[in-house]
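J.: File name upload_1.cif; file contents mmCIF, C-alpha atoms and all ligand atoms; full text below.
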data_structure
loop_
_atom_site.label_atom_id
_atom_site.label_comp_id
_atom_site.auth_asym_id
_atom_site.auth_seq_id
_atom_site.Cartn_x
_atom_site.Cartn_y
_atom_site.Cartn_z
CA MET A 1 -9.35 -0.80 -15.15
CA PRO A 2 -9.64 -2.88 -11.98
CA ILE A 3 -7.53 -6.02 -11.92
CA ASP A 4 -8.47 -9.63 -11.28
CA ALA A 5 -7.15 -10.35 -7.76
CA THR A 6 -6.50 -13.99 -8.72
CA GLN A 7 -4.21 -13.15 -11.66
CA PRO A 8 -0.55 -14.24 -11.56
CA TYR A 9 1.96 -11.70 -10.23
CA ASP A 10 3.33 -9.40 -12.94
CA PRO A 11 6.89 -8.33 -11.99
CA ASP A 12 6.58 -5.26 -14.24
CA ASN A 13 3.66 -3.70 -12.37
CA ILE A 14 4.23 -0.06 -11.44
CA PHE A 15 4.83 -0.67 -7.73
CA ALA A 16 7.36 -3.40 -8.48
CA ARG A 17 9.17 -0.84 -10.63
CA ILE A 18 9.02 1.73 -7.81
CA LEU A 19 10.40 -0.91 -5.40
CA ARG A 20 13.31 -1.53 -7.78
CA GLY A 21 13.93 2.22 -8.12
CA GLU A 22 13.19 2.17 -11.86
CA ILE A 23 10.64 4.94 -11.57
CA PRO A 24 10.57 7.73 -8.99
CA SER A 25 8.34 8.08 -5.97
CA ARG A 26 8.16 10.43 -3.02
CA ARG A 27 9.31 7.83 -0.52
CA VAL A 28 8.64 8.48 3.18
CA TYR A 29 9.57 5.12 4.73
CA GLU A 30 11.44 1.89 4.10
CA ASP A 31 12.47 -1.17 6.07
CA ASP A 32 13.17 -4.85 5.35
CA TYR A 33 9.50 -5.59 4.65
CA ALA A 34 7.92 -2.53 3.08
CA ILE A 35 8.28 0.87 1.52
CA ALA A 36 5.85 3.79 1.69
CA PHE A 37 5.44 6.77 -0.63
CA HIS A 38 2.96 9.52 -1.37
CA ASP A 39 0.09 8.61 -3.70
CA ILE A 40 0.48 10.41 -7.03
CA ALA A 41 -3.20 11.48 -6.97
CA PRO A 42 -3.97 12.16 -3.30
CA GLN A 43 -7.55 11.81 -2.12
CA ALA A 44 -6.92 13.34 1.33
CA PRO A 45 -4.43 15.89 2.70
CA VAL A 46 -2.22 12.92 3.60
CA HIS A 47 -2.46 9.92 1.24
CA ILE A 48 0.38 7.43 1.52
CA LEU A 49 0.71 3.95 0.03
CA VAL A 50 2.45 1.21 2.00
CA VAL A 51 3.77 -1.60 -0.23
CA PRO A 52 5.34 -4.88 0.88
CA ARG A 53 8.67 -5.77 -0.71
CA GLY A 54 7.40 -9.27 -1.46
CA ALA A 55 5.67 -10.16 -4.74
CA TYR A 56 1.97 -10.35 -3.81
CA VAL A 57 -0.88 -9.35 -6.12
CA SER A 58 -3.37 -8.41 -3.43
CA TRP A 59 -4.40 -8.75 0.20
CA ASP A 60 -5.94 -12.07 -0.77
CA ASP A 61 -2.67 -13.38 -2.20
CA PHE A 62 -0.65 -12.00 0.73
CA SER A 63 -2.90 -13.37 3.46
CA ALA A 64 -2.92 -16.80 1.81
CA ARG A 65 0.75 -17.19 0.84
CA ALA A 66 3.04 -14.87 2.81
CA PRO A 67 5.17 -16.30 5.61
CA ALA A 68 4.22 -15.13 9.10
CA GLU A 69 7.38 -13.01 9.35
CA GLU A 70 6.46 -11.03 6.23
CA ILE A 71 2.88 -10.54 7.43
CA ALA A 72 4.08 -9.30 10.80
CA GLY A 73 6.73 -7.09 9.18
CA PHE A 74 4.24 -5.51 6.81
CA VAL A 75 1.61 -4.87 9.48
CA ARG A 76 4.31 -3.35 11.71
CA ALA A 77 5.52 -1.17 8.83
CA VAL A 78 2.01 0.23 8.24
CA GLY A 79 1.81 1.17 11.91
CA ASN A 80 5.30 2.68 11.83
CA VAL A 81 4.38 4.90 8.87
CA ALA A 82 1.24 6.15 10.61
CA ARG A 83 3.17 6.95 13.77
CA GLU A 84 6.03 8.63 11.92
CA GLN A 85 3.56 10.75 9.96
CA ARG A 86 1.89 11.73 13.28
CA LEU A 87 -1.48 10.40 12.17
CA VAL A 88 -2.41 8.34 15.23
CA GLU A 89 -3.77 11.35 17.05
CA PRO A 90 -5.92 12.94 15.43
CA GLY A 91 -6.66 9.66 13.60
CA TYR A 92 -6.49 8.17 10.14
CA ARG A 93 -7.92 5.48 7.86
CA LEU A 94 -6.48 2.34 6.24
CA LEU A 95 -7.86 0.87 3.03
CA ALA A 96 -6.88 -2.02 0.80
CA ASN A 97 -8.74 -2.50 -2.48
CA ILE A 98 -8.98 -6.10 -3.71
CA GLY A 99 -9.90 -7.04 -7.28
CA GLY A 100 -12.78 -5.85 -9.43
CA HIS A 101 -15.45 -4.83 -6.94
CA GLY A 102 -12.75 -3.37 -4.71
CA GLY A 103 -11.54 -1.18 -7.59
CA GLN A 104 -7.92 -2.36 -7.30
CA GLU A 105 -5.89 -0.96 -10.20
CA VAL A 106 -2.28 -1.78 -9.33
CA ALA A 107 -1.55 -5.52 -9.11
CA HIS A 108 0.90 -5.38 -6.19
CA LEU A 109 -0.56 -5.32 -2.66
CA HIS A 110 -0.75 -1.84 -1.18
CA VAL A 111 -2.48 -0.29 1.79
CA HIS A 112 -3.76 3.26 1.46
CA LEU A 113 -3.23 5.44 4.50
CA PHE A 114 -5.44 8.56 4.59
CA GLY A 115 -5.35 11.40 7.08
CA GLY A 116 -4.76 15.06 7.72
CA ALA A 117 -8.46 15.98 7.99
CA PRO A 118 -11.76 14.49 9.12
CA LEU A 119 -12.53 11.79 6.55
CA GLY A 120 -16.26 11.29 6.99
CA ARG A 121 -17.96 7.97 7.37
CA MET A 122 -16.63 5.02 5.41
CA ILE A 123 -17.56 4.81 1.75
CA ALA A 124 -18.98 7.72 -0.24
CA GLY A 125 -20.39 7.68 -3.77
P1 LIG B 201 -5.78 0.97 -6.13
O1 LIG B 201 -7.00 1.43 -6.85
O2 LIG B 201 -6.06 0.57 -4.71
O3 LIG B 201 -5.03 -0.10 -6.90
O4 LIG B 201 -4.86 2.25 -5.98
C1 LIG B 201 -3.77 2.52 -6.80
C2 LIG B 201 -3.25 3.86 -6.35
O5 LIG B 201 -1.95 4.01 -6.87
C3 LIG B 201 -4.07 5.06 -6.80
O6 LIG B 201 -4.48 5.82 -5.66
C4 LIG B 201 -3.09 5.85 -7.69
O7 LIG B 201 -3.24 7.24 -7.58
C5 LIG B 201 -1.75 5.37 -7.16
N1 LIG B 201 -0.63 5.42 -8.10
C6 LIG B 201 -0.60 4.98 -9.37
N2 LIG B 201 0.61 5.17 -9.91
C7 LIG B 201 1.37 5.76 -8.96
C8 LIG B 201 2.72 6.22 -8.89
N3 LIG B 201 3.55 6.11 -9.94
N4 LIG B 201 3.16 6.78 -7.74
C9 LIG B 201 2.33 6.90 -6.69
N5 LIG B 201 1.05 6.48 -6.67
C10 LIG B 201 0.57 5.92 -7.80
#
Show the structure stored in the file as structure tokens.
Ligand code: AMP
T.:
Amino acid sequence: MPIDATQPYDPDNIFARILRGEIPSRRVYEDDYAIAFHDIAPQAPVHILVVPRGAYVSWDDFSARAPAEEIAGFVRAVGNVAREQRLVEPGYRLLANIGGHGGQEVAHLHVHLFGGAPLGRMIAG
């Protein structure tokens, strides 16, 4: 079920638990601002989620409330993951789902990073 992007932050959401190491993930990156791990149900040959360490429900919440240092750190982390995974050439896609129409299901901001094959044009289905 998609979430309401304006809901209060729930510290027991699944990505908060992954951040705290309470449940496992296939982690590929971490720094002071973010972690990244493989999506459990990949929708492309490479499908990685980049998650800020801070407690933000969605891109909306993050862009409104996060300090500039955290925003810069998170954006830099997303770029670092893409470079480390060697996705820049041949190319990749970023996606953040927000709230109901966006189909967001986990109530902690995450950016999807897709690659490893030609991805087609934008939104299908
Ligand atoms: P979204 O619809 O943007 O909220 O995407 C949530 C994503 O989290 C989906 O692609 C799920 O496959 C993924 N996901 C859910 N639980 C886990 C988990 N425990 N480890 C890795 N990825 C997960």
J.: Could you jot down the atom CA of A:Gly102 to atom C10 of ligand LIG 201 (chain B) separation for me, Å, one decimal place?
T.: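 Result for atom CA of A:Gly102 versus atom C10 of ligand LIG 201 (chain B): 16.5 Å, one decimal.
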J.: Ranking A:Leu113, A:Ala44, A:Ala96, A:Ala16 by minimum distance to ligand LIG 201 (chain B) and counting only C-alpha atoms and all ligand atoms, which one comes first?
T.: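 The answer is A:Ala96, which sits nearest to ligand LIG 201 (chain B).
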J.: How many Å lie between atom CA of A:Val28 and atom CA of A:His47, rounded to one decimal?
T.: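 Spanning atom CA of A:Val28 to atom CA of A:His47 is a straight-line distance of 11.4 Å.
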J.: Given a cut-off of 8 Å, what residues near ligand LIG 201 (chain B) show up using all atoms listed in the file, put as a PDB file with C-alpha atoms, keeping the file's coordinate frame?
T.:
ATOM      1  CA  PRO A   2      -9.640  -2.880 -11.980  1.00  0.00           C
ATOM      2  CA  ILE A  14       4.230  -0.060 -11.440  1.00  0.00           C
ATOM      3  CA  PHE A  15       4.830  -0.670  -7.730  1.00  0.00           C
ATOM      4  CA  ILE A  18       9.020   1.730  -7.810  1.00  0.00           C
ATOM      5  CA  ILE A  23      10.640   4.940 -11.570  1.00  0.00           C
ATOM      6  CA  PRO A  24      10.570   7.730  -8.990  1.00  0.00           C
ATOM      7  CA  SER A  25       8.340   8.080  -5.970  1.00  0.00           C
ATOM      8  CA  ARG A  26       8.160  10.430  -3.020  1.00  0.00           C
ATOM      9  CA  PHE A  37       5.440   6.770  -0.630  1.00  0.00           C
ATOM     10  CA  HIS A  38       2.960   9.520  -1.370  1.00  0.00           C
ATOM     11  CA  ASP A  39       0.090   8.610  -3.700  1.00  0.00           C
ATOM     12  CA  ILE A  40       0.480  10.410  -7.030  1.00  0.00           C
ATOM     13  CA  ALA A  41      -3.200  11.480  -6.970  1.00  0.00           C
ATOM     14  CA  PRO A  42      -3.970  12.160  -3.300  1.00  0.00           C
ATOM     15  CA  GLN A  43      -7.550  11.810  -2.120  1.00  0.00           C
ATOM     16  CA  LEU A  49       0.710   3.950   0.030  1.00  0.00           C
ATOM     17  CA  LEU A  95      -7.860   0.870   3.030  1.00  0.00           C
ATOM     18  CA  ALA A  96      -6.880  -2.020   0.800  1.00  0.00           C
ATOM     19  CA  ASN A  97      -8.740  -2.500  -2.480  1.00  0.00           C
ATOM     20  CA  ILE A  98      -8.980  -6.100  -3.710  1.00  0.00           C
ATOM     21  CA  GLY A 102     -12.750  -3.370  -4.710  1.00  0.00           C
ATOM     22  CA  GLY A 103     -11.540  -1.180  -7.590  1.00  0.00           C
ATOM     23  CA  GLN A 104      -7.920  -2.360  -7.300  1.00  0.00           C
ATOM     24  CA  GLU A 105      -5.890  -0.960 -10.200  1.00  0.00           C
ATOM     25  CA  VAL A 106      -2.280  -1.780  -9.330  1.00  0.00           C
ATOM     26  CA  ALA A 107      -1.550  -5.520  -9.110  1.00  0.00           C
ATOM     27  CA  HIS A 108       0.900  -5.380  -6.190  1.00  0.00           C
ATOM     28  CA  HIS A 110      -0.750  -1.840  -1.180  1.00  0.00           C
ATOM     29  CA  VAL A 111      -2.480  -0.290   1.790  1.00  0.00           C
ATOM     30  CA  HIS A 112      -3.760   3.260   1.460  1.00  0.00           C
TER      31      HIS A 112
END
J.: Hey, can you check how far atom CA of A:Gln7 sits from atom CA of A:Pro52?
T.: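 Atom-to-atom, atom CA of A:Gln7 to atom CA of A:Pro52, that is 17.8 Å.
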J.: Distance cut-off 9 Å, centre (-8.9, 17.1, 8.2) in file coordinates, counting all atoms listed in the file: which residues qualify? Return them as a list of chain:residue names.
T.: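 Answer for this query, in the requested form: A:Ala44, A:Pro45, A:Pro90, A:Gly115, A:Gly116, A:Ala117, A:Pro118, A:Leu119.
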J.: Rank A:Arg65, A:Arg53, A:Arg93, A:Arg20 by their smallest atom-to-atom distance to A:Gly79, using all atoms listed in the file, and report the top residue only.
T.: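 Ranking A:Arg65, A:Arg53, A:Arg93, A:Arg20 by distance to A:Gly79, first place goes to A:Arg93.
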J.: Counting only C-alpha atoms, I want the residues whose atoms come within 6 Å of (-8.5, -5.7, -12.7) in the file frame, returned as a PyMOL selection string.
T.: chain A and resi 1-4+99-100+105
J.: From the list A:Leu109, A:Val88, A:Met122, A:Ala77, which residue is nearest A:Trp59 when using all atoms listed in the file?
T.: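 For A:Trp59, the nearest of the candidates is A:Leu109.
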J.: Skipping near chain neighbours, those fewer than 4 positions away, what residues fall within 12 Å of A:Asp31 using all atoms listed in the file, listed as an MDAnalysis selection string?
T.: chainID A and resid 19 27 35:36 50:53 70 73:78 80:81
J.: Between A:Ala55, A:Tyr29, A:Ala64, A:Ile48, which has the minimum distance to A:Pro8 (counting only C-alpha atoms)?
T.: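 Checking each of A:Ala55, A:Tyr29, A:Ala64, A:Ile48 against A:Pro8, counting only C-alpha atoms, the winner is A:Ala55.
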J.: Output as a compact mmCIF listing (two decimals), keeping the file's coordinate frame: stretch 42-53 of chain A, completed with N, CA, C and O atoms.
T.:
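Written file, out38.txt:
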# COMPACT_ATOMS: atom_id res chain seq x y z
N PRO A 42 -3.46 12.27 -4.67
CA PRO A 42 -3.97 12.16 -3.30
C PRO A 42 -5.46 12.45 -3.18
O PRO A 42 -5.96 13.36 -3.81
N GLN A 43 -6.11 11.65 -2.35
CA GLN A 43 -7.55 11.81 -2.12
C GLN A 43 -7.84 12.30 -0.70
O GLN A 43 -8.99 12.27 -0.25
N ALA A 44 -6.80 12.74 0.00
CA ALA A 44 -6.92 13.34 1.33
C ALA A 44 -5.66 14.17 1.51
O ALA A 44 -4.68 14.00 0.76
N PRO A 45 -5.64 15.08 2.50
CA PRO A 45 -4.43 15.89 2.70
C PRO A 45 -3.17 15.04 2.87
O PRO A 45 -2.10 15.41 2.39
N VAL A 46 -3.30 13.92 3.56
CA VAL A 46 -2.22 12.92 3.60
C VAL A 46 -2.76 11.65 2.94
O VAL A 46 -3.82 11.14 3.33
N HIS A 47 -2.06 11.16 1.92
CA HIS A 47 -2.46 9.92 1.24
C HIS A 47 -1.18 9.19 0.87
O HIS A 47 -0.49 9.56 -0.08
N ILE A 48 -0.88 8.18 1.66
CA ILE A 48 0.38 7.43 1.52
C ILE A 48 0.03 5.98 1.20
O ILE A 48 -0.96 5.44 1.71
N LEU A 49 0.85 5.37 0.37
CA LEU A 49 0.71 3.95 0.03
C LEU A 49 1.83 3.17 0.71
O LEU A 49 2.99 3.57 0.63
N VAL A 50 1.47 2.09 1.38
CA VAL A 50 2.45 1.21 2.00
C VAL A 50 2.44 -0.11 1.21
O VAL A 50 1.37 -0.71 1.00
N VAL A 51 3.62 -0.51 0.75
CA VAL A 51 3.77 -1.60 -0.23
C VAL A 51 4.76 -2.62 0.31
O VAL A 51 5.91 -2.26 0.62
N PRO A 52 4.36 -3.88 0.43
CA PRO A 52 5.34 -4.88 0.88
C PRO A 52 6.40 -5.12 -0.18
O PRO A 52 6.13 -5.00 -1.38
N ARG A 53 7.60 -5.47 0.26
CA ARG A 53 8.67 -5.77 -0.71
C ARG A 53 8.41 -7.07 -1.46
O ARG A 53 8.88 -7.25 -2.58
